[in-house]
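**Q** Below is the file query_9.pdb, which contains PDB, C-alpha atoms.
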```
MODEL        1
ATOM      1  CA  MET A  26     119.243  89.283  85.980
ATOM      2  CA  VAL A  27     115.516  88.545  86.262
ATOM      3  CA  GLN A  28     113.478  90.944  84.135
ATOM      4  CA  VAL A  29     110.230  92.393  85.459
ATOM      5  CA  PRO A  30     107.146  91.640  83.326
ATOM      6  CA  LEU A  31     105.911  94.469  81.095
ATOM      7  CA  GLU A  32     103.267  92.199  79.600
ATOM      8  CA  ARG A  33     101.322  89.113  80.629
ATOM      9  CA  ILE A  34     103.616  86.112  80.673
ATOM     10  CA  ASP A  35     103.128  82.413  81.323
ATOM     11  CA  TYR A  36     105.333  82.317  84.390
ATOM     12  CA  CYS A  37     104.226  78.748  85.145
ATOM     13  CA  GLU A  38     105.451  77.395  81.813
ATOM     14  CA  ASP A  39     108.810  76.492  83.355
ATOM     15  CA  LEU A  40     108.377  76.434  87.128
ATOM     16  CA  GLU A  41     111.791  74.967  87.789
ATOM     17  CA  ARG A  42     113.477  77.806  85.930
ATOM     18  CA  SER A  43     111.371  80.382  87.767
ATOM     19  CA  VAL A  44     112.380  78.954  91.135
ATOM     20  CA  VAL A  45     116.057  78.993  90.160
ATOM     21  CA  GLU A  46     115.764  82.626  89.056
ATOM     22  CA  LEU A  47     113.851  83.828  92.108
ATOM     23  CA  LYS A  48     115.709  82.116  94.943
ATOM     24  CA  PRO A  49     118.797  84.406  94.777
ATOM     25  CA  VAL A  50     116.486  87.430  94.839
ATOM     26  CA  THR A  51     114.980  86.351  98.158
ATOM     27  CA  GLU A  52     118.437  85.838  99.623
ATOM     28  CA  GLU A  53     119.463  89.344  98.584
ATOM     29  CA  ALA A  54     116.158  90.823  99.750
ATOM     30  CA  ARG A  55     116.398  89.348 103.240
ATOM     31  CA  LYS A  56     119.892  90.770 103.701
ATOM     32  CA  TRP A  57     118.705  94.240 102.732
ATOM     33  CA  ILE A  58     115.644  94.061 104.986
ATOM     34  CA  PHE A  59     117.747  92.956 107.937
ATOM     35  CA  LYS A  60     120.390  95.622 107.356
ATOM     36  CA  MET A  61     118.011  98.523 106.757
ATOM     37  CA  ILE A  62     115.998  97.840 109.925
ATOM     38  CA  TYR A  63     119.210  97.578 111.944
ATOM     39  CA  GLU A  64     120.499 100.819 110.418
ATOM     40  CA  ALA A  65     117.204 102.567 111.209
ATOM     41  CA  GLY A  66     117.134 101.229 114.769
ATOM     42  CA  SER A  67     113.404 100.811 114.235
ATOM     43  CA  GLY A  68     111.013  98.796 112.113
ATOM     44  CA  HIS A  69     109.214  95.491 111.755
ATOM     45  CA  PRO A  70     111.515  92.628 110.798
ATOM     46  CA  GLY A  71     109.183  89.687 111.541
ATOM     47  CA  GLY A  72     106.389  90.409 109.098
ATOM     48  CA  SER A  73     108.767  91.845 106.505
ATOM     49  CA  LEU A  74     110.844  88.678 106.386
ATOM     50  CA  SER A  75     107.777  86.430 106.251
ATOM     51  CA  SER A  76     106.482  88.070 103.070
ATOM     52  CA  VAL A  77     109.643  88.030 100.925
ATOM     53  CA  GLU A  78     108.714  85.140  98.628
ATOM     54  CA  ILE A  79     105.217  86.548  98.096
ATOM     55  CA  LEU A  80     106.517  89.954  97.010
ATOM     56  CA  THR A  81     109.361  88.498  94.974
ATOM     57  CA  ALA A  82     106.959  86.317  92.995
ATOM     58  CA  LEU A  83     104.647  89.256  92.395
ATOM     59  CA  TYR A  84     107.232  91.816  91.325
ATOM     60  CA  TYR A  85     109.423  89.511  89.220
ATOM     61  CA  LYS A  86     106.925  87.134  87.635
ATOM     62  CA  VAL A  87     103.277  87.929  88.208
ATOM     63  CA  MET A  88     102.564  91.659  88.070
ATOM     64  CA  ARG A  89     102.838  93.654  84.874
ATOM     65  CA  HIS A  90     104.688  96.861  85.810
ATOM     66  CA  ASP A  91     107.378  99.250  84.618
ATOM     67  CA  PRO A  92     109.966 100.653  87.075
ATOM     68  CA  GLY A  93     110.821 103.305  84.484
ATOM     69  CA  ASN A  94     107.209 104.492  84.409
ATOM     70  CA  PRO A  95     105.690 104.038  87.898
ATOM     71  CA  HIS A  96     102.384 105.672  86.891
ATOM     72  CA  TRP A  97     101.876 103.611  83.732
ATOM     73  CA  PRO A  98      98.050 103.459  83.428
ATOM     74  CA  ASP A  99      98.009  99.819  82.312
ATOM     75  CA  ARG A 100     100.164  98.491  85.143
ATOM     76  CA  ASP A 101      98.961  96.001  87.727
ATOM     77  CA  ARG A 102      98.535  97.557  91.175
ATOM     78  CA  PHE A 103      99.826  96.415  94.558
ATOM     79  CA  VAL A 104      98.523  97.482  97.970
ATOM     80  CA  LEU A 105     100.477  96.620 101.117
ATOM     81  CA  SER A 106      97.595  96.621 103.574
ATOM     82  CA  LYS A 107      99.928  95.446 106.358
ATOM     83  CA  GLY A 108     101.867  98.669 105.941
ATOM     84  CA  HIS A 109     104.355  97.915 108.709
ATOM     85  CA  GLY A 110     105.886  95.380 106.304
ATOM     86  CA  ALA A 111     107.205  98.313 104.259
ATOM     87  CA  PRO A 112     110.870  97.214 104.410
ATOM     88  CA  ALA A 113     110.016  94.184 102.266
ATOM     89  CA  LEU A 114     108.116  96.306  99.752
ATOM     90  CA  TYR A 115     110.874  98.922  99.569
ATOM     91  CA  THR A 116     113.462  96.222  99.006
ATOM     92  CA  LEU A 117     111.571  94.698  96.070
ATOM     93  CA  LEU A 118     110.976  98.143  94.591
ATOM     94  CA  ALA A 119     114.691  98.886  94.802
ATOM     95  CA  LEU A 120     115.775  95.513  93.424
ATOM     96  CA  THR A 121     113.415  95.882  90.446
ATOM     97  CA  GLY A 122     114.700  99.377  89.658
ATOM     98  CA  TYR A 123     112.290 101.960  91.059
ATOM     99  CA  PHE A 124     115.207 103.550  92.946
ATOM    100  CA  GLN A 125     118.770 102.688  93.937
ATOM    101  CA  THR A 126     119.368 100.037  96.602
ATOM    102  CA  CYS A 127     121.681 102.418  98.487
ATOM    103  CA  GLU A 128     118.567 104.418  99.404
ATOM    104  CA  LEU A 129     117.299 101.486 101.463
ATOM    105  CA  ASN A 130     119.624 102.463 104.297
ATOM    106  CA  THR A 131     117.695 105.726 104.702
ATOM    107  CA  LEU A 132     114.658 103.867 106.075
ATOM    108  CA  ARG A 133     112.804 105.932 108.711
ATOM    109  CA  LYS A 134     115.402 108.704 108.655
ATOM    110  CA  LEU A 135     114.562 112.403 108.537
ATOM    111  CA  GLY A 136     113.916 113.497 104.964
ATOM    112  CA  SER A 137     113.902 109.962 103.572
ATOM    113  CA  ARG A 138     111.429 108.860 100.926
ATOM    114  CA  LEU A 139     111.217 105.549 102.780
ATOM    115  CA  GLN A 140     108.891 106.206 105.675
ATOM    116  CA  GLY A 141     108.009 103.638 108.327
ATOM    117  CA  HIS A 142     104.824 102.947 106.370
ATOM    118  CA  PRO A 143     104.394 103.319 102.585
ATOM    119  CA  SER A 144     103.613 106.754 101.150
ATOM    120  CA  MET A 145     102.375 107.026  97.562
ATOM    121  CA  ASN A 146     103.321 110.720  97.586
ATOM    122  CA  LYS A 147     106.955 110.064  98.454
ATOM    123  CA  THR A 148     108.084 106.686  97.169
ATOM    124  CA  PRO A 149     108.231 105.664  93.489
ATOM    125  CA  GLY A 150     106.274 102.469  92.866
ATOM    126  CA  VAL A 151     103.998 102.731  95.901
ATOM    127  CA  ASP A 152     100.407 102.657  94.638
ATOM    128  CA  MET A 153      98.696 103.469  97.948
ATOM    129  CA  SER A 154      99.647 104.936 101.316
ATOM    130  CA  THR A 155      98.894 102.431 104.067
ATOM    131  CA  GLY A 156      99.485 101.844 107.754
ATOM    132  CA  SER A 157      96.079 101.906 109.435
ATOM    133  CA  LEU A 158      95.291  98.209 109.521
ATOM    134  CA  GLY A 159      92.151  96.868 107.898
ATOM    135  CA  GLN A 160      91.868  99.455 105.134
ATOM    136  CA  GLY A 161      93.947  98.012 102.301
ATOM    137  CA  LEU A 162      91.456  95.431 101.089
ATOM    138  CA  SER A 163      88.750  98.080 100.673
ATOM    139  CA  ILE A 164      91.184 100.284  98.766
ATOM    140  CA  ALA A 165      92.186  97.415  96.497
ATOM    141  CA  ILE A 166      88.543  96.678  95.695
ATOM    142  CA  GLY A 167      88.019 100.304  94.717
ATOM    143  CA  MET A 168      91.065 100.167  92.446
ATOM    144  CA  ALA A 169      89.875  96.941  90.830
ATOM    145  CA  LEU A 170      86.379  98.299  90.209
ATOM    146  CA  GLY A 171      87.848 101.478  88.739
ATOM    147  CA  LEU A 172      90.012  99.478  86.343
ATOM    148  CA  ARG A 173      86.971  97.455  85.326
ATOM    149  CA  LEU A 174      85.000 100.624  84.616
ATOM    150  CA  ASP A 175      87.900 101.886  82.497
ATOM    151  CA  ARG A 176      87.878  98.552  80.613
ATOM    152  CA  LYS A 177      91.500  97.851  81.466
ATOM    153  CA  ASP A 178      92.787  94.316  81.938
ATOM    154  CA  ALA A 179      95.099  95.341  84.789
ATOM    155  CA  ARG A 180      94.867  93.373  88.014
ATOM    156  CA  VAL A 181      95.104  94.416  91.666
ATOM    157  CA  TYR A 182      97.012  92.522  94.338
ATOM    158  CA  VAL A 183      96.796  93.213  98.058
ATOM    159  CA  LEU A 184      98.761  91.727 100.956
ATOM    160  CA  ILE A 185      97.057  91.603 104.346
ATOM    161  CA  GLY A 186      98.245  90.332 107.715
ATOM    162  CA  ASP A 187      96.562  87.605 109.717
ATOM    163  CA  GLY A 188      96.299  89.832 112.795
ATOM    164  CA  GLU A 189      94.759  92.403 110.479
ATOM    165  CA  ALA A 190      92.106  89.850 109.539
ATOM    166  CA  GLN A 191      90.599  90.465 112.984
ATOM    167  CA  GLU A 192      89.468  93.902 111.741
ATOM    168  CA  GLY A 193      85.801  94.264 110.887
ATOM    169  CA  GLN A 194      86.530  96.297 107.775
ATOM    170  CA  ILE A 195      88.267  93.293 106.237
ATOM    171  CA  TRP A 196      85.019  91.351 106.350
ATOM    172  CA  GLU A 197      82.877  94.194 105.040
ATOM    173  CA  ALA A 198      85.319  94.420 102.148
ATOM    174  CA  ALA A 199      85.212  90.657 101.668
ATOM    175  CA  MET A 200      81.441  90.784 101.264
ATOM    176  CA  ALA A 201      81.655  93.690  98.812
ATOM    177  CA  ALA A 202      84.304  92.026  96.627
ATOM    178  CA  ALA A 203      82.231  88.865  96.294
ATOM    179  CA  HIS A 204      78.992  90.775  95.735
ATOM    180  CA  TYR A 205      80.493  92.778  92.871
ATOM    181  CA  LYS A 206      82.347  89.745  91.485
ATOM    182  CA  VAL A 207      85.686  91.540  91.537
ATOM    183  CA  ASP A 208      87.661  88.868  89.720
ATOM    184  CA  ASN A 209      90.540  91.184  88.801
ATOM    185  CA  LEU A 210      91.427  91.248  92.506
ATOM    186  CA  CYS A 211      93.760  88.812  94.237
ATOM    187  CA  ALA A 212      94.403  89.093  97.965
ATOM    188  CA  VAL A 213      97.170  87.295  99.833
ATOM    189  CA  LEU A 214      96.979  86.684 103.562
ATOM    190  CA  ASP A 215     100.406  86.407 105.207
ATOM    191  CA  ARG A 216      99.510  83.656 107.692
ATOM    192  CA  ASN A 217     102.552  83.814 109.986
ATOM    193  CA  GLN A 218     100.306  83.291 113.064
ATOM    194  CA  LEU A 219     101.802  86.132 115.125
ATOM    195  CA  GLN A 220     100.824  89.733 115.833
ATOM    196  CA  ILE A 221     102.257  92.389 118.104
ATOM    197  CA  ASP A 222     100.764  90.969 121.336
ATOM    198  CA  GLY A 223     101.219  87.256 120.673
ATOM    199  CA  ARG A 224      99.719  84.427 118.640
ATOM    200  CA  THR A 225      96.672  85.349 116.613
ATOM    201  CA  GLU A 226      94.849  82.342 118.008
ATOM    202  CA  ASN A 227      95.343  83.635 121.546
ATOM    203  CA  ILE A 228      94.460  87.261 120.799
ATOM    204  CA  MET A 229      91.419  86.570 118.610
ATOM    205  CA  SER A 230      91.183  83.390 116.593
ATOM    206  CA  ILE A 231      90.636  83.805 112.861
ATOM    207  CA  GLU A 232      90.298  80.108 112.076
ATOM    208  CA  PRO A 233      88.928  78.476 110.037
ATOM    209  CA  ILE A 234      90.154  81.326 107.846
ATOM    210  CA  SER A 235      89.962  79.488 104.516
ATOM    211  CA  SER A 236      86.409  78.317 105.162
ATOM    212  CA  LYS A 237      85.397  81.820 106.225
ATOM    213  CA  PHE A 238      86.529  83.416 102.981
ATOM    214  CA  ARG A 239      84.869  80.636 100.991
ATOM    215  CA  ALA A 240      81.655  81.291 102.896
ATOM    216  CA  PHE A 241      81.987  84.962 101.960
ATOM    217  CA  GLY A 242      82.071  83.998  98.276
ATOM    218  CA  TRP A 243      85.797  83.982  97.533
ATOM    219  CA  HIS A 244      87.867  81.494  95.607
ATOM    220  CA  VAL A 245      90.441  80.341  98.191
ATOM    221  CA  ILE A 246      93.831  78.702  97.660
ATOM    222  CA  ASP A 247      96.027  77.500 100.536
ATOM    223  CA  VAL A 248      99.783  77.462  99.919
ATOM    224  CA  ASN A 249     103.173  77.355 101.572
ATOM    225  CA  GLY A 250     104.074  81.039 101.404
ATOM    226  CA  HIS A 251     107.784  80.262 101.067
ATOM    227  CA  ASP A 252     107.373  77.853  98.141
ATOM    228  CA  PHE A 253     107.655  79.566  94.751
ATOM    229  CA  LYS A 254     106.049  76.693  92.866
ATOM    230  CA  GLU A 255     102.934  76.820  95.033
ATOM    231  CA  LEU A 256     102.800  80.615  94.944
ATOM    232  CA  LEU A 257     103.171  80.914  91.173
ATOM    233  CA  LEU A 258     100.588  78.223  90.502
ATOM    234  CA  ALA A 259      98.204  79.964  92.904
ATOM    235  CA  PHE A 260      98.650  83.341  91.195
ATOM    236  CA  LYS A 261      98.041  81.724  87.806
ATOM    237  CA  GLU A 262      94.889  80.051  89.147
ATOM    238  CA  ALA A 263      93.724  83.434  90.462
ATOM    239  CA  GLU A 264      94.169  84.960  86.995
ATOM    240  CA  SER A 265      91.977  82.293  85.445
ATOM    241  CA  THR A 266      89.252  82.467  88.113
ATOM    242  CA  LYS A 267      86.222  84.357  86.830
ATOM    243  CA  GLY A 268      83.216  85.763  88.663
ATOM    244  CA  GLN A 269      84.757  85.926  92.135
ATOM    245  CA  PRO A 270      87.810  87.381  93.881
ATOM    246  CA  THR A 271      90.659  85.118  94.974
ATOM    247  CA  MET A 272      92.218  84.844  98.431
ATOM    248  CA  ILE A 273      95.561  83.079  98.721
ATOM    249  CA  ILE A 274      96.244  81.904 102.270
ATOM    250  CA  ALA A 275     100.045  81.916 102.395
ATOM    251  CA  ASN A 276     101.292  79.961 105.393
ATOM    252  CA  THR A 277     104.578  81.559 106.417
ATOM    253  CA  VAL A 278     107.100  81.816 109.257
ATOM    254  CA  LYS A 279     107.485  85.179 110.946
ATOM    255  CA  GLY A 280     111.115  86.272 110.849
ATOM    256  CA  ARG A 281     111.928  83.717 108.136
ATOM    257  CA  GLY A 282     115.647  83.266 107.504
ATOM    258  CA  VAL A 283     117.007  84.469 110.857
ATOM    259  CA  SER A 284     117.014  81.688 113.443
ATOM    260  CA  PHE A 285     116.366  83.773 116.552
ATOM    261  CA  MET A 286     113.628  85.783 114.809
ATOM    262  CA  GLU A 287     111.680  82.837 113.414
ATOM    263  CA  GLY A 288     108.426  82.454 115.328
ATOM    264  CA  ALA A 289     109.525  85.041 117.903
ATOM    265  CA  VAL A 290     106.771  87.533 118.687
ATOM    266  CA  LYS A 291     109.206  90.078 120.179
ATOM    267  CA  PHE A 292     110.593  90.733 116.706
ATOM    268  CA  HIS A 293     107.261  91.906 115.366
ATOM    269  CA  GLY A 294     108.489  95.477 115.784
ATOM    270  CA  LYS A 295     111.968  95.207 117.314
ATOM    271  CA  PRO A 296     115.208  95.732 115.371
ATOM    272  CA  PRO A 297     118.233  93.517 116.067
ATOM    273  CA  ASP A 298     120.815  94.780 118.534
ATOM    274  CA  ASP A 299     124.526  94.826 117.647
ATOM    275  CA  ASP A 300     125.228  91.210 118.538
ATOM    276  CA  GLU A 301     122.022  89.985 116.914
ATOM    277  CA  PHE A 302     122.901  91.924 113.780
ATOM    278  CA  VAL A 303     126.260  90.185 113.445
ATOM    279  CA  GLN A 304     124.705  86.759 113.999
ATOM    280  CA  GLY A 305     121.694  87.330 111.770
ATOM    281  CA  LEU A 306     123.636  88.799 108.876
ATOM    282  CA  LYS A 307     126.021  85.840 108.983
ATOM    283  CA  GLU A 308     123.070  83.448 108.821
ATOM    284  CA  LEU A 309     121.738  85.365 105.807
ATOM    285  CA  GLY A 310     125.077  85.100 104.050
ATOM    286  CA  GLY A 311     126.012  88.753 104.391
ATOM    287  CA  GLU A 312     129.119  90.461 105.670
ATOM    288  CA  CYS A 313     129.498  93.183 108.277
ATOM    289  CA  LYS A 314     131.386  96.218 107.003
TER     290      LYS A 314
ENDMDL
END
```
Would you mind writing the file's structure down as structure tokens?

**A**
Amino acid sequence: MVQVPLERIDYCEDLERSVVELKPVTEEARKWIFKMIYEAGSGHPGGSLSSVEILTALYYKVMRHDPGNPHWPDRDRFVLSKGHGAPALYTLLALTGYFQTCELNTLRKLGSRLQGHPSMNKTPGVDMSTGSLGQGLSIAIGMALGLRLDRKDARVYVLIGDGEAQEGQIWEAAMAAAHYKVDNLCAVLDRNQLQIDGRTENIMSIEPISSKFRAFGWHVIDVNGHDFKELLLAFKEAESTKGQPTMIIANTVKGRGVSFMEGAVKFHGKPPDDDEFVQGLKELGGECK
């Protein structure tokens, strides 16, 4: 069992071991995400599946946190700005022990703590309620500045979507983070190239996204968002970067792991039907019960 970090660790000391430890977690996570969205009959599989490696790396290796004490003042914080990717976040929270995995099948059901978008007032381990796109980066900056004022060494991580990067508030926040040298902030952009209406480049191009964030004063790292070695090295580089915030551009595949969902815009917010569920779960190595 992979232990969550309660203190700063050198998770890049043995990258090969880290990859071996984390790969089974992603396999388990994708099965849960797929099943819970099918069970709910509603949700966003595409962007949840694309972010699995990012969240797995954060919750198992990078972030200092305690599932037994969700409000621990010295914990690192995580903000899911692309709140529709909640199934991925809920799955990692469950797998790391914030609540039982059996609760995942209550997604979007009446009375459930697992709403369609994260709620900090309902779900253990959720640091900020999100859903309105464009707001998470601003929130994360506020958290990071607050931690700096309190002289805490905790860090803040925020995951944003590439369609979300079309929002003006993202760029106001980007300017503010650089201006105030918020170096305890690390943002990750899930660059899966699709949004609800089609390809980001057809709706409103965000390229050259890396150059744009550099021009706004950020330290930028481009990685394969499904490669644990690249992700872990990028997070370690972000920790050591001083005087500016870090943006990790994680190039991913929407719907990763399910053949008919990969790169398919219709699965941005569409659950699998009965036949698709059987096929997809088989591809993910699960069994129908």

**Q** I'd like to know which of A:Ala179, A:Ala275, A:Val29, A:Leu158 is closest to A:Leu214, using all atoms listed in the file.

**A** A:Ala275

**Q** Quick check on the file I pasted: which residues fall under the PyMOL selection byres ((chain A and resi 180) around 8)? Write them as a list in words.

**A**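 Against this file, the PyMOL selection byres ((chain A and resi 180) around 8) returns the residues Met88, Arg100, Asp101, Arg102, Ala169, Leu172, Asp178, Ala179, Val181, Tyr182, Asn209, Leu210 and Cys211 of chain A.
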
**Q** Contacts of A:Ser106 at 9 Å or less, counting only C-alpha atoms, minus same-chain residues fewer than 6 places along, as a list of chain:residue names?

**A** A:Met153, A:Ser154, A:Thr155, A:Gly156, A:Ser157, A:Leu158, A:Gly159, A:Gln160, A:Gly161, A:Leu162, A:Ile164, A:Ala165, A:Val183, A:Leu184, A:Ile185, A:Gly186, A:Glu189

**Q** May I have the residues within 12 Å of A:Ala190 as a PyMOL selection string, using only C-alpha atoms and disregarding those fewer than 3 positions away in the same chain?

**A** chain A and resi 106-107+158-162+184-187+193-199+212-216+218-220+225-226+228-235+237-238+274

**Q** Evaluate the PyMOL selection byres ((chain A and resi 62) around 12) on the structure here and hand back the selected residues as a PyMOL selection string.

**A** chain A and resi 55-61+63-71+73-74+109-113+115-116+129-134+139-141+292-299+302+306
